[in-house]
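Data first, discussion second: the structure below is written as structure tokens.
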Amino acid sequence: RMLIGQGGDARSLVPFEYSRLIVYDDRYRLVPDILASFDVQDGRIFTFHLRPGHRWSDGTPFTSEDFRYFWENIATNRDLNPEGLPPALIVNGTPPKVDVVDETTVRYSWAWPNQAFLPALAGAAPLIIFRPAHYLKQFNPKYSSAKVISRLLADAKLDDWAELHRLRDDPLFLSNPDLPTLAPWISLSRPGSEAYVAVRNPYYHRVDKDGRQLPYLDRVMLIPQIRSEILSTVISGKSDLQAVGLALADLAALRDAAGKGTIKLHLWP
């Protein structure tokens with residue numbers, strides 16, 4: 001159980017998870033995470049190697065097809081992406097050349113070096129260049145029949161397939177629990193829920209040094225709370241793990257509660 005501020009704070013699970021194609025390690029070096037490895041040539045050619053056998057949270061294989069779908073059907077599709085490509089994918093006004101080499105290899109190439117690309121992938125609000133193609137194709141008339149699209153639009157009370165696709169394709173705001181994920185926890189909650197609940201992804205890729213698959217926590221519950229009341233609720237022992245909503249100004253009260261044995265207090269160096 002973790003308290004969060006009211007509103008969109010459930011998104012705080014995204015940086016807590018910190019699961020990306022590429023991440024910063026504890027020395028701020030860019031290293032592979034979801035990727036098995038990556039190669040960079042001349043600062044402008046980036047080759048990504050996926051983990052053989054890696055699966056989405058629903059058990060479907062995670063492959064280069066998921067990168068192809070994003071590039072061909074979302075990134076360069078004005079219906080789904082009217083704002084155009086993000087800055088990290090543009091160098092001197094030019095988009096990348098995207099090559100799907102094989103099932104586990106994809107390459108992004110520019111004529112000039114792109115210093116923004118890898119940091120954008122590792123950011124707190126990351127650039128995501130892949131999507132679960134097997135799930136999203138059902139909302140795309142390029143892959144799904146008009147009859148299926150009509151039924152899905154009627155169920156969602158929408159008129160436009162692109163609006164439906166964007167609504168279902170929501171990896172950062174966590175509003176669609178049906179969307180497969182590569183993150184450590186799978187969302188169970190829908191918009192309007194009183195609490196945000198997520199459970200362990202059985203196909204998460206990380207293991208610890210003893211060979212145990214992460215995450216350790218089987219279930220996470222984020223409970224909305226008025227921010228001014230988070231400290232008092234925490235020191236009463238009603239949160240299992242808490243960082244959100246606390247500040248150094250609260251240190252005296254937290255130390256007092258720790259001295260009484262109500263909570264355990266850890267300070268990040």
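Residue numbering restarts at 1 for every chain of the structure tokens, chains are lettered A, B, ... in their displayed order, and ligands are numbered from 1 as they appear.
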
Subject >> Contact residues around Ile263 (chain A) with only C-alpha atoms at 10 Å, ignoring same-chain residues under 5 positions, as a ChimeraX atom specification >> reply: /A:234-241,254-258

Store the residues of this selection in a file with N, CA, C and O atoms, as a PDB file, in the first residue's frame.
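Written output follows (result.pdb):
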```pdb
ATOM      1  N   VAL A 234       0.996   8.460   7.070  1.00  0.00           N
ATOM      2  CA  VAL A 234       2.210   7.646   7.046  1.00  0.00           C
ATOM      3  C   VAL A 234       2.708   7.376   8.457  1.00  0.00           C
ATOM      4  O   VAL A 234       3.024   6.237   8.818  1.00  0.00           O
ATOM      5  N   ILE A 235       2.796   8.410   9.287  1.00  0.00           N
ATOM      6  CA  ILE A 235       3.363   8.219  10.629  1.00  0.00           C
ATOM      7  C   ILE A 235       2.432   7.433  11.538  1.00  0.00           C
ATOM      8  O   ILE A 235       2.844   6.973  12.599  1.00  0.00           O
ATOM      9  N   SER A 236       1.179   7.262  11.106  1.00  0.00           N
ATOM     10  CA  SER A 236       0.274   6.389  11.861  1.00  0.00           C
ATOM     11  C   SER A 236       0.433   4.929  11.449  1.00  0.00           C
ATOM     12  O   SER A 236      -0.246   4.046  11.997  1.00  0.00           O
ATOM     13  N   GLY A 237       1.298   4.670  10.455  1.00  0.00           N
ATOM     14  CA  GLY A 237       1.593   3.295  10.055  1.00  0.00           C
ATOM     15  C   GLY A 237       0.675   2.720   9.011  1.00  0.00           C
ATOM     16  O   GLY A 237       0.628   1.503   8.822  1.00  0.00           O
ATOM     17  N   LYS A 238      -0.045   3.565   8.255  1.00  0.00           N
ATOM     18  CA  LYS A 238      -1.035   3.079   7.292  1.00  0.00           C
ATOM     19  C   LYS A 238      -0.507   3.030   5.864  1.00  0.00           C
ATOM     20  O   LYS A 238      -1.287   2.879   4.926  1.00  0.00           O
ATOM     21  N   SER A 239       0.795   3.168   5.697  1.00  0.00           N
ATOM     22  CA  SER A 239       1.424   3.007   4.392  1.00  0.00           C
ATOM     23  C   SER A 239       2.560   1.994   4.542  1.00  0.00           C
ATOM     24  O   SER A 239       3.312   2.046   5.505  1.00  0.00           O
ATOM     25  N   ASP A 240       2.655   1.071   3.585  1.00  0.00           N
ATOM     26  CA  ASP A 240       3.715   0.057   3.665  1.00  0.00           C
ATOM     27  C   ASP A 240       5.037   0.561   3.094  1.00  0.00           C
ATOM     28  O   ASP A 240       6.111   0.106   3.499  1.00  0.00           O
ATOM     29  N   LEU A 241       4.944   1.457   2.136  1.00  0.00           N
ATOM     30  CA  LEU A 241       6.139   1.974   1.460  1.00  0.00           C
ATOM     31  C   LEU A 241       5.794   3.363   0.963  1.00  0.00           C
ATOM     32  O   LEU A 241       4.792   3.538   0.261  1.00  0.00           O
ATOM     33  N   LEU A 254       8.925  12.267  10.989  1.00  0.00           N
ATOM     34  CA  LEU A 254       9.210  10.895  10.577  1.00  0.00           C
ATOM     35  C   LEU A 254      10.187  10.222  11.543  1.00  0.00           C
ATOM     36  O   LEU A 254      10.017   9.050  11.900  1.00  0.00           O
ATOM     37  N   ARG A 255      11.195  10.971  11.980  1.00  0.00           N
ATOM     38  CA  ARG A 255      12.146  10.408  12.949  1.00  0.00           C
ATOM     39  C   ARG A 255      11.469  10.103  14.278  1.00  0.00           C
ATOM     40  O   ARG A 255      11.787   9.099  14.929  1.00  0.00           O
ATOM     41  N   ASP A 256      10.551  10.945  14.677  1.00  0.00           N
ATOM     42  CA  ASP A 256       9.824  10.713  15.927  1.00  0.00           C
ATOM     43  C   ASP A 256       9.001   9.427  15.811  1.00  0.00           C
ATOM     44  O   ASP A 256       8.989   8.604  16.737  1.00  0.00           O
ATOM     45  N   ALA A 257       8.320   9.242  14.689  1.00  0.00           N
ATOM     46  CA  ALA A 257       7.521   8.029  14.483  1.00  0.00           C
ATOM     47  C   ALA A 257       8.414   6.798  14.427  1.00  0.00           C
ATOM     48  O   ALA A 257       8.065   5.735  14.956  1.00  0.00           O
ATOM     49  N   ALA A 258       9.589   6.940  13.796  1.00  0.00           N
ATOM     50  CA  ALA A 258      10.522   5.814  13.727  1.00  0.00           C
ATOM     51  C   ALA A 258      11.033   5.461  15.122  1.00  0.00           C
ATOM     52  O   ALA A 258      11.193   4.273  15.455  1.00  0.00           O
TER      53      ALA A 258
END
```

**OP:** Could you please write out, as a ChimeraX atom specification, every residue of region 83-217 of chain A that DSSP assigns to strand (DSSP E)?
**Re:** /A:97-102,105-109,185-187,196-200

Subject >> Picked from region 59-182 of chain A by DSSP as alpha helix (DSSP H), as a PyMOL selection string >> reply: chain A and resi 65-70+117-121+133-136+146-156+161-168

I'd like a table as a Markdown table: residues in region 18-103 of chain A with an atom no more than 7 Å from region 160-181 of chain A, each row giving the shortest atom pair and its distance in Å to one decimal, only C-alpha atoms counted, sorted by chain and rising residue number.
```
| residue | atom | partner | partner_atom | distance |
| --- | --- | --- | --- | --- |
| A:Trp56 | CA | A:Thr181 | CA | 5.7 |
| A:Ser57 | CA | A:Thr181 | CA | 5.4 |
| A:Asp58 | CA | A:Pro180 | CA | 6.0 |
| A:Asp79 | CA | A:Ala162 | CA | 6.1 |
| A:Leu80 | CA | A:Ala162 | CA | 5.7 |
```

Original post:
Which neighbours of Pro15 (chain A) fall inside 10 Å, counting only C-alpha atoms, when residues of the same chain fewer than 5 positions from it are skipped, and could you give them as a ChimeraX atom specification?
Top reply: /A:20,123-126,172

Go ahead and dump the residues you just picked, N, CA, C and O atoms, as a PDB file, in the first residue's frame.
```
ATOM      1  N   ARG A  20      12.795   0.360 -19.218  1.00  0.00           N
ATOM      2  CA  ARG A  20      12.957   1.041 -20.498  1.00  0.00           C
ATOM      3  C   ARG A  20      13.786   0.155 -21.433  1.00  0.00           C
ATOM      4  O   ARG A  20      14.471  -0.758 -20.995  1.00  0.00           O
ATOM      5  N   GLY A 123      14.573   8.367 -20.471  1.00  0.00           N
ATOM      6  CA  GLY A 123      14.027   9.441 -19.656  1.00  0.00           C
ATOM      7  C   GLY A 123      12.928   9.006 -18.701  1.00  0.00           C
ATOM      8  O   GLY A 123      12.356   7.917 -18.816  1.00  0.00           O
ATOM      9  N   ALA A 124      12.613   9.890 -17.747  1.00  0.00           N
ATOM     10  CA  ALA A 124      11.545   9.600 -16.776  1.00  0.00           C
ATOM     11  C   ALA A 124      10.201   9.453 -17.479  1.00  0.00           C
ATOM     12  O   ALA A 124       9.397   8.586 -17.149  1.00  0.00           O
ATOM     13  N   ALA A 125       9.936  10.333 -18.457  1.00  0.00           N
ATOM     14  CA  ALA A 125       8.777  10.177 -19.337  1.00  0.00           C
ATOM     15  C   ALA A 125       9.347   9.759 -20.690  1.00  0.00           C
ATOM     16  O   ALA A 125       9.648  10.594 -21.535  1.00  0.00           O
ATOM     17  N   PRO A 126       9.535   8.464 -20.899  1.00  0.00           N
ATOM     18  CA  PRO A 126      10.390   8.005 -22.004  1.00  0.00           C
ATOM     19  C   PRO A 126       9.748   8.123 -23.377  1.00  0.00           C
ATOM     20  O   PRO A 126       8.528   8.106 -23.534  1.00  0.00           O
ATOM     21  N   LEU A 172       1.699   5.277 -20.789  1.00  0.00           N
ATOM     22  CA  LEU A 172       2.245   6.108 -19.714  1.00  0.00           C
ATOM     23  C   LEU A 172       1.197   6.551 -18.699  1.00  0.00           C
ATOM     24  O   LEU A 172       1.517   6.765 -17.531  1.00  0.00           O
TER      25      LEU A 172
END
```

Test item: residues at most 6 Å from region 184-201 of chain A, only C-alpha atoms, excluding those fewer than 3 positions along its chain, as a tab-separated table (two decimals) with all heavy atoms, in the first residue's frame:
```tsv
chain	number	residue	atom	x	y	z
A	57	SER	N	3.11	-9.04	-21.22
A	57	SER	CA	2.47	-9.53	-20.00
A	57	SER	C	1.35	-10.54	-20.28
A	57	SER	O	0.98	-11.31	-19.39
A	57	SER	CB	1.91	-8.36	-19.19
A	57	SER	OG	1.02	-7.58	-19.97
A	175	SER	N	-4.33	4.07	-18.15
A	175	SER	CA	-5.79	4.11	-18.09
A	175	SER	C	-6.45	2.89	-18.73
A	175	SER	O	-7.66	2.72	-18.62
A	175	SER	CB	-6.30	5.37	-18.79
A	175	SER	OG	-6.02	5.33	-20.18
A	177	PRO	N	-6.23	-1.11	-18.59
A	177	PRO	CA	-5.63	-2.33	-18.03
A	177	PRO	C	-5.54	-3.48	-19.02
A	177	PRO	O	-4.86	-4.48	-18.74
A	177	PRO	CB	-6.57	-2.67	-16.87
A	177	PRO	CG	-7.87	-2.02	-17.22
A	177	PRO	CD	-7.51	-0.76	-17.96
A	204	TYR	N	8.04	-10.62	-16.69
A	204	TYR	CA	9.01	-9.53	-16.56
A	204	TYR	C	10.42	-10.09	-16.71
A	204	TYR	O	10.74	-11.17	-16.21
A	204	TYR	CB	8.84	-8.85	-15.20
A	204	TYR	CG	9.65	-7.59	-15.05
A	204	TYR	CD1	9.52	-6.55	-15.95
A	204	TYR	CD2	10.54	-7.43	-13.99
A	204	TYR	CE1	10.26	-5.38	-15.81
A	204	TYR	CE2	11.27	-6.28	-13.83
A	204	TYR	CZ	11.13	-5.25	-14.75
A	204	TYR	OH	11.87	-4.10	-14.61
A	215	PRO	N	9.34	-8.52	-10.39
A	215	PRO	CA	9.50	-7.78	-9.14
A	215	PRO	C	9.24	-8.67	-7.92
A	215	PRO	O	8.59	-9.70	-8.02
A	215	PRO	CB	8.43	-6.69	-9.25
A	215	PRO	CG	7.32	-7.36	-10.01
A	215	PRO	CD	8.02	-8.23	-11.02
A	218	ASP	N	4.20	-8.84	-5.23
A	218	ASP	CA	3.17	-9.45	-6.06
A	218	ASP	C	2.04	-8.49	-6.37
A	218	ASP	O	1.34	-8.65	-7.37
A	218	ASP	CB	2.57	-10.68	-5.35
A	218	ASP	CG	3.55	-11.84	-5.29
A	218	ASP	OD1	4.35	-11.98	-6.24
A	218	ASP	OD2	3.53	-12.58	-4.30
A	219	ARG	N	1.85	-7.50	-5.51
A	219	ARG	CA	0.69	-6.62	-5.65
A	219	ARG	C	1.04	-5.23	-5.12
A	219	ARG	O	1.68	-5.11	-4.07
A	219	ARG	CB	-0.49	-7.20	-4.85
A	219	ARG	CG	-1.78	-6.39	-4.89
A	219	ARG	CD	-2.83	-7.10	-4.02
A	219	ARG	NE	-4.05	-6.34	-3.87
A	219	ARG	CZ	-5.12	-6.46	-4.66
A	219	ARG	NH1	-5.08	-7.33	-5.66
A	219	ARG	NH2	-6.20	-5.74	-4.46
A	220	VAL	N	0.64	-4.22	-5.84
A	220	VAL	CA	0.86	-2.83	-5.44
A	220	VAL	C	-0.49	-2.12	-5.45
A	220	VAL	O	-1.25	-2.24	-6.42
A	220	VAL	CB	1.82	-2.11	-6.42
A	220	VAL	CG1	1.96	-0.65	-6.04
A	220	VAL	CG2	3.17	-2.79	-6.42
A	221	MET	N	-0.80	-1.41	-4.37
A	221	MET	CA	-2.03	-0.62	-4.31
A	221	MET	C	-1.66	0.83	-4.01
A	221	MET	O	-1.05	1.13	-2.99
A	221	MET	CB	-2.97	-1.15	-3.22
A	221	MET	CG	-4.27	-0.34	-3.10
A	221	MET	SD	-5.39	-0.98	-1.83
A	221	MET	CE	-5.89	-2.51	-2.60
A	222	LEU	N	-2.01	1.72	-4.93
A	222	LEU	CA	-1.78	3.16	-4.76
A	222	LEU	C	-3.10	3.79	-4.33
A	222	LEU	O	-4.10	3.71	-5.05
A	222	LEU	CB	-1.28	3.77	-6.06
A	222	LEU	CG	-0.03	3.15	-6.67
A	222	LEU	CD1	0.37	3.89	-7.95
A	222	LEU	CD2	1.12	3.15	-5.68
A	223	ILE	N	-3.10	4.40	-3.16
A	223	ILE	CA	-4.33	4.90	-2.55
A	223	ILE	C	-4.35	6.43	-2.55
A	223	ILE	O	-3.50	7.06	-1.93
A	223	ILE	CB	-4.46	4.39	-1.10
A	223	ILE	CG1	-4.36	2.86	-1.08
A	223	ILE	CG2	-5.76	4.86	-0.47
A	223	ILE	CD1	-4.21	2.27	0.31
```

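Counting only C-alpha atoms, the residue from A:Leu85, A:Ile34, A:Val244, A:Leu251 that sits nearest to Arg51 (chain A) is A:Ile34.
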
**OP:** Rank nothing, just name the residue among A:Arg44, A:Lys97, A:Arg27, A:Lys137 nearest to Asp66 (chain A), using only C-alpha atoms.
**Re:** A:Lys137

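Between CA of Arg131 (chain A) and CA of Phe67 (chain A) the interatomic distance comes to 6.6 Å.
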
**OP:** Please identify all polymer residues within 10 Å of Arg206 (chain A), counting only C-alpha atoms, omitting same-chain residues fewer than 3 positions from it, and present them as a list in words.
**Re:** Ser19, Asp33, Ile34, Ala183, Pro184, Tyr203, Lys209, Gly211, Arg212, Gln213, Leu214 and Pro215 of chain A

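Within 9 Å of Gly53 (chain A), once only C-alpha atoms are used and residues closer than 5 positions along the same chain are dropped, the contacting residues are Pro61, Phe62 and Thr63 of chain A.
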
Original post:
Using only C-alpha atoms, which residue out of A:Tyr216, A:Asp155, A:Leu35, A:Pro141 lies closest to His54 (chain A)?
Top reply: A:Leu35

Original post:
Which one is closest to Val40 (chain A): A:Pro224, A:Pro113, A:Pro87, A:Gly5? Count only C-alpha atoms.
Top reply: A:Pro113

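CA of Gln115 (chain A) sits 7.0 Å away from CA of Gly43 (chain A).
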